[in-house]
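One structure is given here, and the rest of the page talks about it.
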Amino acid sequence: MEENRYLTFALGKGRLARQTLELFEKIGITCEEMKDKNTRKLIFVNEEEKMRFFLAKGPDVPTYVEYGAADIGVVGKDTILEENRKIHEVLDLGFGKCRMCVCGPREAQDLLQKREFIRAASKYPRIAREHFFNKKHQTVEIIKLNGSIELAPIVGLSEVIVDIVETGSTLRENGLEVLEEVCALSARMVVNPVSMKMENERITRLIALLKEALSQPV
Ligand code: PRP
């Protein structure tokens with residue numbers, strides 16, 4: 001294997017990237033120039049470790065990793081499920097914990113139980129389809145939205161939503177409840193299948209170090 005090859009990481013922008021870098025620092029991998037809040041740079045290099053990091057929109061991370069433009073990605077399980085790319089999920093990083101849920105006003109519970117034909121709005125149509133069609137065998141109309149999903153049942157666009165619940169405060173403040181749990185979510189590390197073979201030693205070592213750091217009490 002070529003000695004100088006950079007291992008490239010695609011990190012989902014925002015809190016996820018910050019938490020990933022904090023975790024990497026625990027295993028001695030730092031990227032100082034990435035911490036500069038004013039920088040407009042898109043890619044950051046750690047020459048010593050022969051690593052490159054770039055920030056991407058969450059839903060684009062699995063795309064970069066599938067095509068091998070990044071060897072490794074860090075992204076939420078929600079995005080992994082929704083994007084359905086050919087990538088290996090290798091590690092649960094434990095942060096960014098939340099749940100994917102079917103939510104709505106309490107009255108909608110009855111519609112779900114009776115498997116009525118209803119509308120479900122979501123930023124995650126694939127996850128919603130999988131839940132209703134394959135798991136529950138309930139026919140619903142899925143409406144794709146891009147944000148502020150909680151609005152949909154309030155203004156009468158749909159009876160329920162399929163969305164992320166973290167603290168539950170958005171639901172509470174809008175008179176909505178969790179009606180069904182779809183799955184648990186957290187940040188995951190994903191790897192390009194070819195990189196996994198070609199850079200097996202480096203990647204396996206990295207995973208082992210991260211696992212060890214994650215098992216330490218905070
Ligand atoms: C997410 C999610 C919920 C909210 C849940 O929205 O879609 O709306 O956070 O968090 P909570 O349970 O702690 O209230 P986000 O802030 O990502 O914005 P969005 O409306 O653009 O999806």
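Chain labels A, B, ... are given in the sequence in which chains occur in the structure tokens; within each chain residues are numbered consecutively from 1, and ligands are likewise numbered from 1 in the order shown.
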### Message
Among stretch 16-123 of chain A, which ones does DSSP assign to alpha helix (DSSP H) (computed from the backbone)? Answer as an NGL selection string.
### Response
:A and (16-26 or 61-66 or 77-83 or 108-113)
Could you pull the residues within 10 Å of A:Gln113, counting only C-alpha atoms, minus those fewer than 5 positions along the same chain, as a PDB file with N, CA, C and O atoms, in the first residue's frame?
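What ended up in selection_35.pdb:
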ATOM      1  N   ALA A 108     -54.926  11.009  16.696  1.00  0.00           N
ATOM      2  CA  ALA A 108     -54.440  10.246  15.537  1.00  0.00           C
ATOM      3  C   ALA A 108     -54.064   8.811  15.917  1.00  0.00           C
ATOM      4  O   ALA A 108     -53.937   7.947  15.043  1.00  0.00           O
ATOM      5  N   GLN A 138     -49.544  -0.907   6.674  1.00  0.00           N
ATOM      6  CA  GLN A 138     -50.594   0.108   6.645  1.00  0.00           C
ATOM      7  C   GLN A 138     -50.378   0.990   5.417  1.00  0.00           C
ATOM      8  O   GLN A 138     -49.273   1.481   5.194  1.00  0.00           O
ATOM      9  N   LEU A 179     -46.519   8.781  18.944  1.00  0.00           N
ATOM     10  CA  LEU A 179     -47.571   7.767  18.839  1.00  0.00           C
ATOM     11  C   LEU A 179     -46.980   6.374  18.596  1.00  0.00           C
ATOM     12  O   LEU A 179     -47.520   5.383  19.045  1.00  0.00           O
TER      13      LEU A 179
END
### Task
Could you give me, as a ChimeraX atom specification, every polymer residue with an atom at most 10 Å away from an atom of ligand 1, counting only C-alpha atoms and all ligand atoms?
/A:98-100,122-124,145-151,161-174
Next, dump the selected residues to file, keeping only N, CA and C atoms, as a JSON list (two decimals), in the first residue's frame.
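Ended up saving to selection-v9.json:
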[["chain", "number", "residue", "atom", "x", "y", "z"],
["A", 98, "CYS", "N", -31.11, 10.17, 19.53],
["A", 98, "CYS", "CA", -32.50, 10.59, 19.45],
["A", 98, "CYS", "C", -33.32, 9.44, 18.89],
["A", 99, "ARG", "N", -34.60, 9.67, 18.63],
["A", 99, "ARG", "CA", -35.46, 8.59, 18.14],
["A", 99, "ARG", "C", -36.23, 9.05, 16.91],
["A", 100, "MET", "N", -36.47, 8.12, 16.00],
["A", 100, "MET", "CA", -37.35, 8.40, 14.87],
["A", 100, "MET", "C", -38.74, 7.91, 15.30],
["A", 122, "SER", "N", -43.09, 13.81, 6.17],
["A", 122, "SER", "CA", -41.77, 13.50, 6.69],
["A", 122, "SER", "C", -40.66, 14.04, 5.80],
["A", 123, "LYS", "N", -39.53, 14.29, 6.46],
["A", 123, "LYS", "CA", -38.30, 14.62, 5.73],
["A", 123, "LYS", "C", -37.63, 13.31, 5.31],
["A", 124, "TYR", "N", -38.18, 12.20, 5.81],
["A", 124, "TYR", "CA", -37.58, 10.87, 5.61],
["A", 124, "TYR", "C", -38.59, 9.92, 4.95],
["A", 145, "LEU", "N", -41.53, 16.56, 3.10],
["A", 145, "LEU", "CA", -41.29, 17.96, 3.48],
["A", 145, "LEU", "C", -39.81, 18.14, 3.76],
["A", 146, "ASN", "N", -39.39, 19.39, 3.89],
["A", 146, "ASN", "CA", -37.95, 19.65, 4.08],
["A", 146, "ASN", "C", -37.58, 20.20, 5.44],
["A", 147, "GLY", "N", -38.55, 20.42, 6.30],
["A", 147, "GLY", "CA", -38.24, 20.95, 7.64],
["A", 147, "GLY", "C", -39.51, 21.40, 8.32],
["A", 148, "SER", "N", -39.38, 21.80, 9.59],
["A", 148, "SER", "CA", -40.54, 22.20, 10.40],
["A", 148, "SER", "C", -41.71, 21.24, 10.20],
["A", 149, "ILE", "N", -41.40, 19.96, 10.29],
["A", 149, "ILE", "CA", -42.38, 18.90, 9.99],
["A", 149, "ILE", "C", -43.60, 18.98, 10.90],
["A", 150, "GLU", "N", -43.37, 19.43, 12.16],
["A", 150, "GLU", "CA", -44.45, 19.48, 13.14],
["A", 150, "GLU", "C", -45.62, 20.34, 12.68],
["A", 151, "LEU", "N", -45.36, 21.22, 11.72],
["A", 151, "LEU", "CA", -46.44, 22.07, 11.19],
["A", 151, "LEU", "C", -47.52, 21.25, 10.51],
["A", 161, "ILE", "N", -46.86, 12.67, 11.48],
["A", 161, "ILE", "CA", -45.54, 12.95, 10.89],
["A", 161, "ILE", "C", -44.60, 11.80, 11.28],
["A", 162, "VAL", "N", -43.56, 11.62, 10.52],
["A", 162, "VAL", "CA", -42.48, 10.72, 10.91],
["A", 162, "VAL", "C", -41.26, 11.61, 11.05],
["A", 163, "ASP", "N", -40.78, 11.78, 12.28],
["A", 163, "ASP", "CA", -39.72, 12.76, 12.48],
["A", 163, "ASP", "C", -38.82, 12.39, 13.67],
["A", 164, "ILE", "N", -37.76, 13.15, 13.78],
["A", 164, "ILE", "CA", -36.80, 12.94, 14.87],
["A", 164, "ILE", "C", -37.32, 13.60, 16.15],
["A", 165, "VAL", "N", -37.23, 12.86, 17.24],
["A", 165, "VAL", "CA", -37.57, 13.41, 18.55],
["A", 165, "VAL", "C", -36.32, 13.31, 19.41],
["A", 166, "GLU", "N", -35.88, 14.47, 19.92],
["A", 166, "GLU", "CA", -34.70, 14.43, 20.79],
["A", 166, "GLU", "C", -35.15, 14.67, 22.23],
["A", 167, "THR", "N", -35.43, 15.93, 22.57],
["A", 167, "THR", "CA", -35.90, 16.23, 23.93],
["A", 167, "THR", "C", -37.42, 16.11, 24.02],
["A", 168, "GLY", "N", -38.10, 16.20, 22.89],
["A", 168, "GLY", "CA", -39.56, 16.16, 22.89],
["A", 168, "GLY", "C", -40.19, 17.53, 23.05],
["A", 169, "SER", "N", -39.37, 18.58, 23.18],
["A", 169, "SER", "CA", -39.96, 19.90, 23.44],
["A", 169, "SER", "C", -40.68, 20.48, 22.22],
["A", 170, "THR", "N", -40.20, 20.20, 21.01],
["A", 170, "THR", "CA", -40.91, 20.71, 19.83],
["A", 170, "THR", "C", -42.33, 20.12, 19.78],
["A", 171, "LEU", "N", -42.42, 18.83, 20.07],
["A", 171, "LEU", "CA", -43.74, 18.19, 20.09],
["A", 171, "LEU", "C", -44.62, 18.82, 21.15],
["A", 172, "ARG", "N", -44.10, 18.88, 22.38],
["A", 172, "ARG", "CA", -44.89, 19.42, 23.50],
["A", 172, "ARG", "C", -45.39, 20.83, 23.22],
["A", 173, "GLU", "N", -44.50, 21.66, 22.70],
["A", 173, "GLU", "CA", -44.89, 23.06, 22.48],
["A", 173, "GLU", "C", -45.88, 23.21, 21.35],
["A", 174, "ASN", "N", -46.10, 22.14, 20.61],
["A", 174, "ASN", "CA", -47.06, 22.21, 19.50],
["A", 174, "ASN", "C", -48.22, 21.25, 19.66]]
## Note on the structure
Here atom CA of A:Phe53 and atom CA of A:Asp71 stand apart by 10.3 Å
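When only C-alpha atoms are used to compute distances to A:Lys77, the closest of the residues A:Lys57, A:Arg188, A:Lys114, A:Arg129 turns out to be A:Arg188.
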### Task
Can you list, as number ranges by chain, all residues belonging to stretch 12-185 of chain A that DSSP tags as strand (DSSP E)?
A: 12, 43-46, 51-56, 72-76, 88-92, 98-104, 118-122, 140-144, 160-165, 177-185
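The shell of residues at most 10 Å from A:Ile154, with only C-alpha atoms counted and near chain neighbours (fewer than 6 positions) removed, consists of Gly104, Pro105, Val160, Asn174, Gly175 and Leu176 of chain A.
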Can you tell me which residues surround A:Thr8 at a distance of at most 8 Å, considering only C-alpha atoms, apart from same-chain residues fewer than 4 positions away, and format the answer as a compact mmCIF listing (two decimals) with C-alpha atoms, in the first residue's frame?
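Okay, out.txt is ready:
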# COMPACT_ATOMS: atom_id res chain seq x y z
CA MET A 51 -5.70 12.56 7.07
CA ARG A 52 -8.05 15.00 5.35
CA PHE A 53 -11.37 16.17 6.74
CA PHE A 54 -14.21 17.95 4.99
CA ALA A 69 -14.51 10.58 -2.51
CA ALA A 70 -14.31 10.04 1.25
CA ASP A 71 -13.03 6.81 2.77
CA ILE A 72 -14.90 7.37 6.00
### Message
I'd like the neighbourhood of A:Asn84 as a ChimeraX atom specification, where a residue qualifies if any of its atoms comes within 9 Å (using only C-alpha atoms), though same-chain residues fewer than 5 positions away should be ignored.
### Response
/A:62,79,126
Need to verify the contact set: A:Val140, 6 Å, only C-alpha atoms, exclusion of same-chain residues closer than 5 positions in sequence. Can you return it as a CSV table (one decimal) with N, CA and C atoms, in the first residue's frame?
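So the final result, stored in out.csv, reads:
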chain,number,residue,atom,x,y,z
A,117,PHE,N,-56.5,4.8,6.2
A,117,PHE,CA,-55.7,5.4,5.1
A,117,PHE,C,-55.5,6.9,5.6
A,118,ILE,N,-54.2,7.2,6.0
A,118,ILE,CA,-53.9,8.6,6.4
A,118,ILE,C,-52.8,9.1,5.7
A,119,ARG,N,-52.5,10.4,5.9
A,119,ARG,CA,-51.3,11.0,5.3
A,119,ARG,C,-50.2,11.2,6.4
What lies within 12 Å of stretch 209-211 of chain A using only C-alpha atoms, ignoring chain neighbours under 3 positions off, as a PDB file with C-alpha atoms, in the first residue's frame?
ATOM      1  CA  THR A  20     -16.543  13.882  16.112  1.00  0.00           C
ATOM      2  CA  LEU A  21     -13.486  16.135  16.365  1.00  0.00           C
ATOM      3  CA  GLU A  22     -13.723  16.064  20.171  1.00  0.00           C
ATOM      4  CA  LEU A  23     -13.736  12.280  20.050  1.00  0.00           C
ATOM      5  CA  PHE A  24     -10.793  12.235  17.627  1.00  0.00           C
ATOM      6  CA  GLU A  25      -8.841  14.494  19.980  1.00  0.00           C
ATOM      7  CA  LYS A  26      -9.216  11.847  22.670  1.00  0.00           C
ATOM      8  CA  ILE A  27      -7.279   9.423  20.484  1.00  0.00           C
ATOM      9  CA  GLY A  28      -4.658  12.036  19.611  1.00  0.00           C
ATOM     10  CA  ILE A  29      -5.949  13.092  16.196  1.00  0.00           C
ATOM     11  CA  VAL A  90     -18.826   0.177  11.333  1.00  0.00           C
ATOM     12  CA  LEU A  91     -19.295   2.024  14.618  1.00  0.00           C
ATOM     13  CA  ASP A  92     -21.972   3.604  16.789  1.00  0.00           C
ATOM     14  CA  LEU A  93     -20.353   6.777  18.131  1.00  0.00           C
ATOM     15  CA  GLY A  94     -22.962   7.104  20.848  1.00  0.00           C
ATOM     16  CA  ARG A 188     -22.420   6.357  13.122  1.00  0.00           C
ATOM     17  CA  MET A 189     -19.137   5.898  11.363  1.00  0.00           C
ATOM     18  CA  ARG A 202      -5.377   1.811   9.275  1.00  0.00           C
ATOM     19  CA  ILE A 203      -9.162   1.762   9.454  1.00  0.00           C
ATOM     20  CA  THR A 204      -9.308  -1.231  11.799  1.00  0.00           C
ATOM     21  CA  ARG A 205      -6.771   0.430  14.092  1.00  0.00           C
ATOM     22  CA  LEU A 206      -8.760   3.658  14.055  1.00  0.00           C
ATOM     23  CA  LEU A 214     -15.873   5.504  23.755  1.00  0.00           C
ATOM     24  CA  SER A 215     -15.728   2.901  26.504  1.00  0.00           C
ATOM     25  CA  GLN A 216     -13.891   5.281  28.887  1.00  0.00           C
TER      26      GLN A 216
END
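If only C-alpha atoms are the atoms counted, then among A:Tyr6, A:Phe133, A:Phe95, A:Tyr64 the closest residue to A:Val190 is A:Tyr64.
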